[in-house]
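Structure below is structure.tsv: TSV, C-alpha atoms.
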```
chain	number	residue	atom	x	y	z
A	1	ILE	CA	1.48	1.91	17.82
A	2	HIS	CA	2.76	2.94	14.41
A	3	LEU	CA	0.61	2.00	11.43
A	4	ASP	CA	1.94	1.84	7.85
A	5	LEU	CA	-0.73	1.98	5.16
A	6	GLY	CA	-0.61	1.35	1.44
A	7	HIS	CA	-3.01	0.44	-1.36
A	8	VAL	CA	-1.87	-2.08	-3.97
A	9	ALA	CA	-4.55	-0.95	-6.43
A	10	VAL	CA	-2.64	2.31	-7.00
A	11	PHE	CA	0.30	0.52	-8.60
A	12	ARG	CA	-1.85	-2.18	-10.20
A	13	GLU	CA	-4.13	0.35	-11.90
A	14	LEU	CA	-1.26	2.57	-13.03
A	15	ALA	CA	0.52	-0.44	-14.55
A	16	LYS	CA	-2.68	-1.47	-16.29
A	17	ALA	CA	-3.36	2.05	-17.64
A	18	ALA	CA	0.24	2.33	-18.89
A	19	ASN	CA	-0.18	-1.06	-20.57
A	20	LEU	CA	3.07	-2.31	-19.04
A	21	SER	CA	4.37	-5.67	-20.15
A	22	ALA	CA	4.53	-8.39	-17.51
A	23	ASP	CA	8.33	-8.01	-17.53
A	24	LEU	CA	8.26	-4.24	-16.91
A	25	GLU	CA	5.62	-4.61	-14.22
A	26	ALA	CA	7.72	-7.28	-12.47
A	27	ARG	CA	10.85	-5.12	-12.70
A	28	LEU	CA	9.01	-2.12	-11.24
A	29	PHE	CA	7.53	-4.29	-8.50
A	30	ASP	CA	11.02	-5.47	-7.53
A	31	ILE	CA	12.41	-1.92	-7.57
A	32	TYR	CA	9.61	-0.61	-5.35
A	33	GLN	CA	9.96	-3.53	-2.95
A	34	ARG	CA	13.64	-2.69	-2.50
A	35	LYS	CA	12.98	1.08	-2.53
A	36	SER	CA	15.75	1.48	-5.12
A	37	ILE	CA	15.22	5.00	-6.46
A	38	PRO	CA	18.48	4.94	-8.51
A	39	GLU	CA	17.25	1.84	-10.37
A	40	LEU	CA	13.83	3.43	-10.80
A	41	ASN	CA	15.43	6.49	-12.36
A	42	VAL	CA	17.27	4.28	-14.87
A	43	LEU	CA	14.04	2.46	-15.82
A	44	LEU	CA	11.77	5.54	-16.06
A	45	PRO	CA	12.69	6.53	-19.66
A	46	GLN	CA	11.42	3.12	-20.83
A	47	LEU	CA	8.00	3.56	-19.22
A	48	PRO	CA	4.86	5.13	-20.66
A	49	HIS	CA	3.45	7.69	-18.21
A	50	ASN	CA	6.79	7.61	-16.42
A	51	GLN	CA	5.77	10.59	-14.28
A	52	TRP	CA	3.29	8.32	-12.48
A	53	PHE	CA	5.94	5.79	-11.62
A	54	ALA	CA	8.46	8.46	-10.62
A	55	ALA	CA	5.83	9.91	-8.27
A	56	LEU	CA	5.15	6.52	-6.66
A	57	GLY	CA	8.82	6.23	-5.75
A	58	GLN	CA	8.54	9.46	-3.77
A	59	LEU	CA	5.09	9.17	-2.22
A	60	SER	CA	5.78	7.83	1.23
A	61	GLY	CA	5.76	9.46	4.64
A	62	GLU	CA	3.13	11.30	6.62
A	63	THR	CA	-0.51	11.23	5.58
A	64	SER	CA	0.05	14.49	3.69
A	65	VAL	CA	1.47	12.39	0.82
A	66	LEU	CA	-2.13	11.58	-0.10
A	67	ALA	CA	-2.74	15.21	-1.09
A	68	GLN	CA	0.54	15.19	-3.03
A	69	ALA	CA	-0.51	11.99	-4.77
A	70	THR	CA	-3.80	13.51	-5.86
A	71	SER	CA	-2.00	16.37	-7.59
A	72	LEU	CA	0.93	14.34	-8.97
A	73	LEU	CA	-1.37	11.65	-10.35
A	74	VAL	CA	-4.07	14.05	-11.55
A	75	ASP	CA	-4.22	12.42	-15.00
A	76	ALA	CA	-4.26	8.86	-13.62
A	77	PRO	CA	-7.33	6.66	-14.05
A	78	ALA	CA	-10.35	7.18	-11.82
A	79	SER	CA	-9.65	3.83	-10.15
A	80	VAL	CA	-6.38	5.26	-8.78
A	81	HIS	CA	-8.20	8.26	-7.35
A	82	HIS	CA	-10.78	5.91	-5.84
A	83	ALA	CA	-7.94	4.03	-4.07
A	84	LEU	CA	-6.42	7.32	-2.86
A	85	ASN	CA	-9.83	8.38	-1.56
A	86	ASP	CA	-10.17	5.05	0.29
A	87	LEU	CA	-6.81	5.66	1.95
A	88	GLN	CA	-7.77	9.23	2.86
A	89	GLN	CA	-11.01	8.09	4.46
A	90	VAL	CA	-9.28	5.34	6.44
A	91	THR	CA	-6.50	7.62	7.67
A	92	GLN	CA	-9.01	10.29	8.69
A	93	ALA	CA	-11.15	7.77	10.56
A	94	LEU	CA	-8.07	6.38	12.34
A	95	GLN	CA	-6.81	9.84	13.26
A	96	ASP	CA	-10.24	10.76	14.63
A	97	SER	CA	-10.76	7.56	16.61
A	98	HIS	CA	-7.15	6.83	17.67
A	99	PRO	CA	-5.15	10.08	17.70
A	100	GLN	CA	-2.33	8.41	19.63
A	101	VAL	CA	-1.55	6.08	16.69
A	102	THR	CA	1.16	7.31	14.33
A	103	ILE	CA	0.21	6.74	10.70
A	104	SER	CA	2.42	6.71	7.63
A	105	VAL	CA	1.51	6.07	4.02
A	106	ASP	CA	3.63	4.40	1.34
A	107	LEU	CA	2.04	4.25	-2.09
A	108	SER	CA	4.75	1.96	-3.41
A	109	GLU	CA	4.26	-0.56	-0.59
A	110	LEU	CA	3.24	-3.70	-2.45
A	111	ARG	CA	3.18	-6.21	0.39
A	112	GLY	CA	0.94	-9.06	-0.66
A	113	TYR	CA	0.58	-7.58	-4.17
A	114	HIS	CA	-0.32	-10.89	-5.77
A	115	TYR	CA	-2.87	-11.63	-3.06
A	116	HIS	CA	-4.28	-8.35	-1.80
A	117	THR	CA	-6.42	-6.13	-3.98
A	118	GLY	CA	-6.78	-2.98	-1.89
A	119	LEU	CA	-5.57	-1.39	1.29
A	120	VAL	CA	-2.66	-3.07	3.07
A	121	PHE	CA	-1.27	-2.35	6.51
A	122	ALA	CA	1.41	-3.25	9.00
A	123	ALA	CA	1.39	-2.30	12.70
A	124	TYR	CA	4.56	-1.79	14.73
A	125	THR	CA	5.53	-0.85	18.24
A	126	PRO	CA	8.60	1.18	19.17
A	127	GLN	CA	10.00	-1.88	20.93
A	128	SER	CA	10.20	-4.03	17.79
A	129	ALA	CA	11.33	-3.69	14.18
A	130	SER	CA	9.11	-6.56	13.06
A	131	GLU	CA	5.38	-6.25	12.49
A	132	LEU	CA	3.00	-6.76	15.35
A	133	ALA	CA	0.28	-7.38	12.77
A	134	LYS	CA	-0.10	-7.10	9.00
A	135	GLY	CA	-2.81	-7.67	6.45
A	136	GLY	CA	-5.14	-6.10	3.98
A	137	ARG	CA	-8.09	-6.24	1.63
A	138	TYR	CA	-8.62	-9.02	-0.87
A	139	ASP	CA	-11.57	-9.63	-3.16
A	140	HIS	CA	-13.08	-12.66	-4.85
A	141	ILE	CA	-12.49	-15.00	-1.91
A	142	GLY	CA	-14.46	-18.16	-2.50
A	143	GLU	CA	-14.79	-17.50	-6.22
A	144	ALA	CA	-13.52	-20.99	-6.99
A	145	PHE	CA	-16.48	-22.31	-4.97
A	146	GLY	CA	-19.08	-20.18	-6.77
A	147	ARG	CA	-19.51	-17.35	-4.26
A	148	ALA	CA	-17.02	-14.50	-4.65
A	149	ARG	CA	-16.88	-12.13	-1.70
A	150	PRO	CA	-14.66	-9.28	-0.56
A	151	ALA	CA	-12.75	-9.77	2.67
A	152	THR	CA	-10.10	-8.32	4.91
A	153	GLY	CA	-7.59	-10.43	6.74
A	154	PHE	CA	-4.55	-10.11	8.93
A	155	SER	CA	-1.95	-12.06	10.77
A	156	ALA	CA	-0.53	-11.12	14.13
A	157	ASP	CA	2.41	-12.04	16.31
A	158	LEU	CA	0.47	-13.42	19.27
A	159	LYS	CA	3.50	-13.62	21.54
A	160	SER	CA	4.16	-9.90	21.00
A	161	LEU	CA	0.49	-9.07	21.52
A	162	VAL	CA	0.39	-10.97	24.82
A	163	THR	CA	3.49	-9.23	26.11
A	164	LEU	CA	2.50	-5.78	24.83
A	165	ASP	CA	2.39	-3.26	27.64
A	166	ARG	CA	-1.12	-1.82	27.51
A	167	LYS	CA	0.11	1.51	28.89
A	168	SER	CA	2.40	2.03	25.89
A	169	VAL	CA	-0.44	1.68	23.37
```
For the structure just supplied, provide its representation as structure tokens.
Amino acid sequence: IHLDLGHVAVFRELAKAANLSADLEARLFDIYQRKSIPELNVLLPQLPHNQWFAALGQLSGETSVLAQATSLLVDAPASVHHALNDLQQVTQALQDSHPQVTISVDLSELRGYHYHTGLVFAAYTPQSASELAKGGRYDHIGEAFGRARPATGFSADLKSLVTLDRKSV
């Protein structure tokens, strides 16, 4: 199993701290979704705290990017460091409990950005390019009914799960 992790609060909190307009935030979101570093480089001079957004475009790969993020985003809001700490704790717990799982981190992964509020993930197998499962953290579920609660949810490809060779996991 290969697990990709991200945390949408990193981008959300940086955009909020930089006081980005809705248009700039949407443009950055689109650029990160497409992983278009050349377009990011063109947009950076227009952005307050552009070093944060330049860093996000580069912070993906092995779990060591979390240490890089801490130093590159040293002047970012505490909420960003809280999100990075959450990711560090989750990756450490996964590495301790499931050392056979390969983990990567992408701080510009914004899957479910308008829905999720925290950690997001996707799980893959070497046999397939599509996700075996994906999901993440979302808060305020049930708020419209008077009882806001945090939650975590996921979806999975049941056909792939049923046919998954247990020996390869």
Skipping near chain neighbours, those fewer than 6 positions away, what residues fall within 10 Å of Phe29 of chain A using only C-alpha atoms, listed as a list in words?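 Once the nearby chain positions are removed, what remains is Phe11, Arg12, Asp23, Lys35, Ser108, Glu109, Leu110 and Tyr113 of chain A.
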Those selected residues, please, written with C-alpha atoms and delivered as a PDB file, in the frame of the given file.
```
ATOM      1  CA  PHE A  11       0.300   0.520  -8.600  1.00  0.00           C
ATOM      2  CA  ARG A  12      -1.850  -2.180 -10.200  1.00  0.00           C
ATOM      3  CA  ASP A  23       8.330  -8.010 -17.530  1.00  0.00           C
ATOM      4  CA  LYS A  35      12.980   1.080  -2.530  1.00  0.00           C
ATOM      5  CA  SER A 108       4.750   1.960  -3.410  1.00  0.00           C
ATOM      6  CA  GLU A 109       4.260  -0.560  -0.590  1.00  0.00           C
ATOM      7  CA  LEU A 110       3.240  -3.700  -2.450  1.00  0.00           C
ATOM      8  CA  TYR A 113       0.580  -7.580  -4.170  1.00  0.00           C
TER       9      TYR A 113
END
```
Can you tell me how far atom CA of Arg34 of chain A sits from atom CA of Gly153 of chain A, in Å to one decimal?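 Spanning atom CA of Arg34 of chain A to atom CA of Gly153 of chain A is a straight-line distance of 24.4 Å.
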At a cut-off of 10 Å around the point (-1.4, 3.5, -5.0) (file coordinates), what residues fall inside when counting all atoms listed in the file? I'd like the answer as a PyMOL selection string. chain A and resi 6-14+56+59+66+69+73+79-84+87+105-110+118-119
What is the atom CA of His49 of chain A to atom CA of Ala18 of chain A distance in Å? 6.3 Å
Neighbours of point (14.7, 5.9, -13.1) within 12 Å, using all atoms listed in the file, written as a list in words: Arg27, Leu28, Ile31, Tyr32, Lys35, Ser36, Ile37, Pro38, Glu39, Leu40, Asn41, Val42, Leu43, Leu44, Pro45, Gln46, Leu47, Asn50, Gln51, Trp52, Phe53, Ala54, Ala55, Leu56, Gly57 and Gln58 of chain A
Ranking A:Ile103, A:Ala156, A:Ala151, A:Leu164 by minimum distance to Leu3 of chain A and counting all atoms listed in the file, which one comes first?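 Closest to Leu3 of chain A, using all atoms listed in the file: A:Ile103.
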Work out how far atom CA of Thr91 of chain A is from atom CA of Thr63 of chain A, in Å to one decimal.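 Answer for the atom CA of Thr63 of chain A to atom CA of Thr91 of chain A separation: 7.3 Å.
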With all atoms listed in the file as the atoms that count, which of A:Ala133, A:Ala17, A:Ala148, A:Leu24 lies nearest to Ala76 of chain A?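 Of the candidates, the smallest distance to Ala76 of chain A is held by A:Ala17.
Between Ile1 of chain A and the residues A:Ala122, A:Val65, A:Leu20, A:Leu72, the shortest atom-to-atom distance, using only C-alpha atoms, involves A:Ala122.
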